[in-house]
Amino acid sequence: MVLAWDRLRFESAAEPFVLPLADIRLNVGTDEHWIELRDQRAPGLTFSVDRALLDEPRFVQAPPIRQQLQRMLGRQDLVRRLRATGIALAGFVLVAWLVTVLAGWAVQTIVKGIPADREIAFGDESFQKLAPDVEFVNDPNAQARLEAIGALLRPSVPAPGIPFRFHIIVGEPNAFAMPGGHIVVTTGLLNLLDTPEQLAGVLAHESAHVARRHMFQHLISGKGPVFLLELLTGGRNQLFNLMAYPSELLVYESFSQKYEREADNYGWDYLVAAGINPQGLTEALGKLRHYEGDGNVLNFQRGKAFASHPDLDQRIIWLEAKWQALPHPNGFVPLTNAMPKVTVNAPSRLEILLK
């Protein structure tokens with residue numbers, strides 16, 4: 001091949017072939033050694049030539065070739081930039097996902113390391129600080145009935161060393177759990193629910209918050225990755241300092257959708273393991289949803305995470321799908337426990353404080 005000022009001449013044993021530069025259609029491609037030249041007069045005719053031709057000034061400065069190279073390299077640069085951006089974005093998503101997974105693992109690891117006696121002491125202190133602001137119901141009959149339904153769940157709730165304790169307070173329909181096994185239900189909730197299965201569903205949901213230690217997860221996650229790293233590397237004193245959180249405020253904390261969905265999921269499993277119809281949980285959510293639809297306002301912000309979560313409708317739909325997926329949905333024996341109904345007329349001190 002011979003390069004002249006306006007043409008390429010290909011020598012061969014036969015007659016030489018002359019390719020004017022103006023008629024060349026260039027394809028640089030990605031090959032490290034070759035480029036392709038096509039003759040626009042004969043599109044089927046292609047020449048593979050050494051890539052070193054791009055180092056020849058007379059070739060690359062020829063107007064037809066220079067214009068093609070400018071367009072081609074411009075497109076290639078755009079593709080390269082888009083590819084680099086895509087790779088960077090994918091890398092960012094992967095890193096974010098890994099950070100989320102590792103953070104979740106770290107929180108779970110730290111929370112599992114909290115001794116049961118520490119949790120019980122923390123929960124008892126929190127409950128004692130709450131006590132002056134609520135009105136407890138002193139009804140041995142209702143208390144016994146509530147505990148009897150709670151006892152049906154206890155063998156299926158994996159919370160070793162945690163003594164579950166149930167309390168009734170005066171208030172609008174609500175329920176909430178505190179660390180150390182304290183589960184509180186209101187008189188309004190007990191009077192709203194119709195069946196022991198519905199009450200068992202509520203207690204199973206709240207038991208899941210205790211068993212999964214959601215409050216500790218919530219407190220630790222809010223401190224950020226640096227705090228997590230310090231705890232993982234042995235900062236147990238900092239963890240116990242964190243447990244000095246103003247515990248009387250626990251009742252006002254709202255759980256995220258993640259924790260609420262998890263409590264629904266594990267609570268459902270506890271019910272199934274105990275042989276209790278888990279549709280009671282779905283029915284209880286439906287009753288609370290209907291109660292809210294009548295324009296009532298719930299008072300406990302902490303309990304509101306269960307009773308008036310923005311995702312309540314989706315949670316009901318999700319639980320209904322779980323029911324449809326059960327292999328033996330008719331294998332549950334109806335509960336015969338009496339419901340703990342309580343009649344009170346006076347508003348609770350907490351209701352008055354929150355007005």
# chains A, B, ... in the order shown; residues from 1 in each chain; ligands from 1

call {"tool": "residues_around", "arguments": {"residues": "A:Ile120", "least_positions_apart": "4", "cutoff": "12 Å", "atoms": "only C-alpha atoms", "output": "number ranges by chain"}}
result
A: 114-116, 124-127, 159-165, 178-182, 210, 213, 243

call {"tool": "atom_distance", "arguments": {"atom1": "atom CA of A:Arg71", "atom2": "atom CA of A:Arg51"}}
result
18.0 Å

call {"tool": "closest_residue", "arguments": {"among": "A:Phe92, A:Val344, A:Asp269, A:Ala274", "to": "A:Trp323", "atoms": "only C-alpha atoms"}}
result
A:Asp269

call {"tool": "closest_residue", "arguments": {"among": "A:Gly293, A:Pro329, A:Pro20, A:Gly188", "to": "A:Pro173", "atoms": "only C-alpha atoms"}}
result
A:Gly188

call {"tool": "atom_distance", "arguments": {"atom1": "atom CA of A:Asp311", "atom2": "atom CA of A:Asn191"}}
result
24.1 Å

call {"tool": "residues_around", "arguments": {"residues": "A:Ala142", "least_positions_apart": "2", "cutoff": "12 Å", "atoms": "only C-alpha atoms", "output": "short mmCIF file (atom, residue, chain, number, x, y, z; two decimals) with C-alpha atoms, in the first residue's frame"}}
result
data_model
loop_
_atom_site.label_atom_id
_atom_site.label_comp_id
_atom_site.auth_asym_id
_atom_site.auth_seq_id
_atom_site.Cartn_x
_atom_site.Cartn_y
_atom_site.Cartn_z
CA VAL A 137 -56.80 -0.83 85.19
CA ASN A 138 -57.07 -2.87 88.38
CA ASP A 139 -59.35 -5.63 87.14
CA PRO A 140 -58.03 -9.08 88.15
CA ALA A 144 -56.17 -12.94 83.98
CA ARG A 145 -57.96 -13.26 80.65
CA LEU A 146 -55.36 -11.10 78.91
CA GLU A 147 -52.49 -13.12 80.36
CA ALA A 148 -54.19 -16.38 79.39
CA ILE A 149 -54.28 -15.35 75.74
CA PHE A 166 -49.08 -7.63 80.08
CA HIS A 167 -50.69 -4.40 81.25
CA ILE A 168 -54.06 -2.73 80.69
CA ILE A 169 -54.35 1.04 80.72
CA VAL A 185 -52.98 -2.68 75.64
CA THR A 186 -55.68 -0.09 76.17
CA THR A 187 -59.24 -0.48 77.30
CA LEU A 190 -59.92 -4.59 74.26
CA ASN A 191 -63.44 -3.28 73.70
CA ASN A 337 -60.80 -17.95 75.72
CA ALA A 338 -63.02 -15.24 77.14
CA MET A 339 -62.19 -11.72 76.00
CA PRO A 340 -60.99 -9.24 78.66
CA LYS A 341 -63.54 -6.45 78.40
CA VAL A 342 -63.19 -3.38 80.61
CA THR A 343 -65.62 -0.51 81.11
#

call {"tool": "residues_around", "arguments": {"residues": "A:Gly201", "least_positions_apart": "2", "cutoff": "6 Å", "atoms": "only C-alpha atoms", "output": "ChimeraX atom specification"}}
result
/A:198-199,203-204,280-281

call {"tool": "write_last_selection", "arguments": {"atoms": "C-alpha atoms", "output": "short mmCIF file (atom, residue, chain, number, x, y, z; two decimals), in the first residue's frame"}}
result
data_model
loop_
_atom_site.label_atom_id
_atom_site.label_comp_id
_atom_site.auth_asym_id
_atom_site.auth_seq_id
_atom_site.Cartn_x
_atom_site.Cartn_y
_atom_site.Cartn_z
CA GLN A 198 -57.78 -10.81 67.09
CA LEU A 199 -56.27 -10.03 70.49
CA LEU A 203 -50.06 -9.51 71.15
CA ALA A 204 -48.07 -11.51 68.57
CA GLY A 280 -56.89 -12.51 63.70
CA LEU A 281 -53.97 -10.11 63.13
#

call {"tool": "residues_around", "arguments": {"residues": "A:Leu26", "least_positions_apart": "4", "cutoff": "8 Å", "atoms": "only C-alpha atoms", "output": "list in words"}}
result
Ile35, Glu36, Leu37, Arg38, Ile65, Gln68 and Leu69 of chain A

call {"tool": "closest_residue", "arguments": {"among": "A:Trp105, A:Phe10, A:Trp5, A:Phe47", "to": "A:Val60", "atoms": "only C-alpha atoms"}}
result
A:Trp5

call {"tool": "select_by_dssp", "arguments": {"residues": "stretch 53-172 of chain A", "states": "alpha helix (DSSP H)", "output": "PyMOL selection string"}}
result
chain A and resi 57-60+63-112+116-130+140-153

call {"tool": "closest_residue", "arguments": {"among": "A:Ala211, A:Pro334, A:Leu319, A:Asn277", "to": "A:Lys112", "atoms": "only C-alpha atoms"}}
result
A:Ala211

call {"tool": "closest_residue", "arguments": {"among": "A:Ala273, A:Pro63, A:His33, A:Asp39", "to": "A:Phe17", "atoms": "only C-alpha atoms"}}
result
A:Asp39

call {"tool": "closest_residue", "arguments": {"among": "A:Ala84, A:Arg25, A:Gln108, A:Gly44", "to": "A:Pro64", "atoms": "only C-alpha atoms"}}
result
A:Arg25

call {"tool": "residues_around", "arguments": {"residues": "A:Leu285", "least_positions_apart": "3", "cutoff": "12 Å", "atoms": "only C-alpha atoms", "output": "CSV table (one decimal) with N, CA and C atoms, in the first residue's frame"}}
result
chain,number,residue,atom,x,y,z
A,173,PRO,N,-58.2,2.9,71.4
A,173,PRO,CA,-57.7,1.7,70.9
A,173,PRO,C,-56.2,1.8,70.5
A,174,ASN,N,-55.4,1.0,71.2
A,174,ASN,CA,-53.9,1.1,71.0
A,174,ASN,C,-53.2,-0.1,71.6
A,175,ALA,N,-52.0,-0.3,71.3
A,175,ALA,CA,-51.1,-1.3,71.9
A,175,ALA,C,-49.7,-0.9,71.6
A,189,LEU,N,-58.8,-0.7,73.0
A,189,LEU,CA,-58.5,-1.8,72.1
A,189,LEU,C,-59.2,-3.1,72.5
A,192,LEU,N,-62.7,-2.9,71.4
A,192,LEU,CA,-62.8,-2.8,70.0
A,192,LEU,C,-62.8,-4.2,69.3
A,193,LEU,N,-61.9,-5.1,69.9
A,193,LEU,CA,-61.7,-6.4,69.3
A,193,LEU,C,-62.8,-7.4,69.7
A,198,GLN,N,-58.2,-12.2,67.4
A,198,GLN,CA,-57.8,-10.8,67.1
A,198,GLN,C,-56.8,-10.3,68.2
A,199,LEU,N,-57.1,-10.5,69.4
A,199,LEU,CA,-56.3,-10.0,70.5
A,199,LEU,C,-54.9,-10.8,70.4
A,201,GLY,N,-53.5,-11.8,67.8
A,201,GLY,CA,-52.8,-11.2,66.7
A,201,GLY,C,-52.0,-9.9,67.1
A,202,VAL,N,-52.7,-9.1,67.9
A,202,VAL,CA,-52.1,-7.9,68.4
A,202,VAL,C,-50.9,-8.2,69.3
A,205,HIS,N,-47.9,-9.4,67.3
A,205,HIS,CA,-47.2,-8.3,66.7
A,205,HIS,C,-46.3,-7.6,67.7
A,264,ASP,N,-45.1,-7.7,61.7
A,264,ASP,CA,-46.3,-8.4,61.2
A,264,ASP,C,-45.8,-9.8,60.7
A,278,PRO,N,-53.9,-17.0,62.2
A,278,PRO,CA,-53.2,-15.7,62.1
A,278,PRO,C,-54.1,-14.6,61.4
A,279,GLN,N,-55.3,-15.0,60.9
A,279,GLN,CA,-56.1,-14.0,60.3
A,279,GLN,C,-56.6,-13.0,61.4
A,280,GLY,N,-56.5,-13.4,62.6
A,280,GLY,CA,-56.9,-12.5,63.7
A,280,GLY,C,-56.1,-11.2,63.7
A,281,LEU,N,-54.8,-11.3,63.3
A,281,LEU,CA,-54.0,-10.1,63.1
A,281,LEU,C,-54.5,-9.2,62.0
A,282,THR,N,-54.8,-9.8,60.9
A,282,THR,CA,-55.4,-9.0,59.8
A,282,THR,C,-56.7,-8.4,60.2
A,288,LEU,N,-58.9,-1.5,63.5
A,288,LEU,CA,-58.2,-0.3,63.8
A,288,LEU,C,-58.3,0.7,62.6
A,289,ARG,N,-58.2,0.2,61.4
A,289,ARG,CA,-58.3,1.0,60.2
A,289,ARG,C,-59.8,1.6,60.1
A,290,HIS,N,-60.7,0.8,60.4
A,290,HIS,CA,-62.1,1.3,60.4
A,290,HIS,C,-62.3,2.3,61.5
A,291,TYR,N,-61.8,2.1,62.6
A,291,TYR,CA,-61.9,3.0,63.7
A,291,TYR,C,-61.3,4.4,63.3
A,292,GLU,N,-60.2,4.4,62.7
A,292,GLU,CA,-59.6,5.6,62.2
A,292,GLU,C,-60.4,6.3,61.1
A,304,LYS,N,-49.0,4.5,67.8
A,304,LYS,CA,-49.5,4.8,66.5
A,304,LYS,C,-48.7,4.1,65.4
A,305,ALA,N,-47.5,3.6,65.7
A,305,ALA,CA,-46.8,2.9,64.8
A,305,ALA,C,-47.5,1.6,64.4
A,306,PHE,N,-48.3,1.0,65.4
A,306,PHE,CA,-49.1,-0.1,65.1
A,306,PHE,C,-50.4,0.2,64.5
A,307,ALA,N,-51.1,1.2,65.1
A,307,ALA,CA,-52.5,1.4,64.8
A,307,ALA,C,-52.8,2.3,63.7
A,308,SER,N,-51.9,3.3,63.4
A,308,SER,CA,-52.2,4.3,62.4
A,308,SER,C,-51.0,4.5,61.4
A,309,HIS,N,-50.3,3.5,61.2
A,309,HIS,CA,-49.1,3.6,60.3
A,309,HIS,C,-49.6,3.9,58.9
A,311,ASP,N,-48.8,3.0,56.2
A,311,ASP,CA,-48.8,1.8,55.3
A,311,ASP,C,-49.8,0.8,55.7
A,312,LEU,N,-50.8,1.1,56.5
A,312,LEU,CA,-51.7,0.1,57.0
A,312,LEU,C,-52.5,-0.7,56.0
A,313,ASP,N,-53.0,0.0,55.0
A,313,ASP,CA,-53.7,-0.7,53.9
A,313,ASP,C,-52.8,-1.7,53.2
A,314,GLN,N,-51.6,-1.3,52.9
A,314,GLN,CA,-50.7,-2.3,52.3
A,314,GLN,C,-50.3,-3.5,53.2
A,315,ARG,N,-50.2,-3.2,54.5
A,315,ARG,CA,-50.0,-4.3,55.4
A,315,ARG,C,-51.1,-5.3,55.4
A,316,ILE,N,-52.3,-4.8,55.4
A,316,ILE,CA,-53.5,-5.7,55.4
A,316,ILE,C,-53.5,-6.5,54.1
A,317,ILE,N,-53.2,-5.9,53.0
A,317,ILE,CA,-53.1,-6.7,51.7
A,317,ILE,C,-52.0,-7.7,51.8
A,318,TRP,N,-50.9,-7.3,52.3
A,318,TRP,CA,-49.8,-8.2,52.4
A,318,TRP,C,-50.1,-9.4,53.3
A,319,LEU,N,-50.8,-9.2,54.4
A,319,LEU,CA,-51.1,-10.3,55.3
A,319,LEU,C,-52.2,-11.2,54.6
A,320,GLU,N,-53.1,-10.6,53.9
A,320,GLU,CA,-54.1,-11.4,53.2
A,320,GLU,C,-53.4,-12.4,52.2
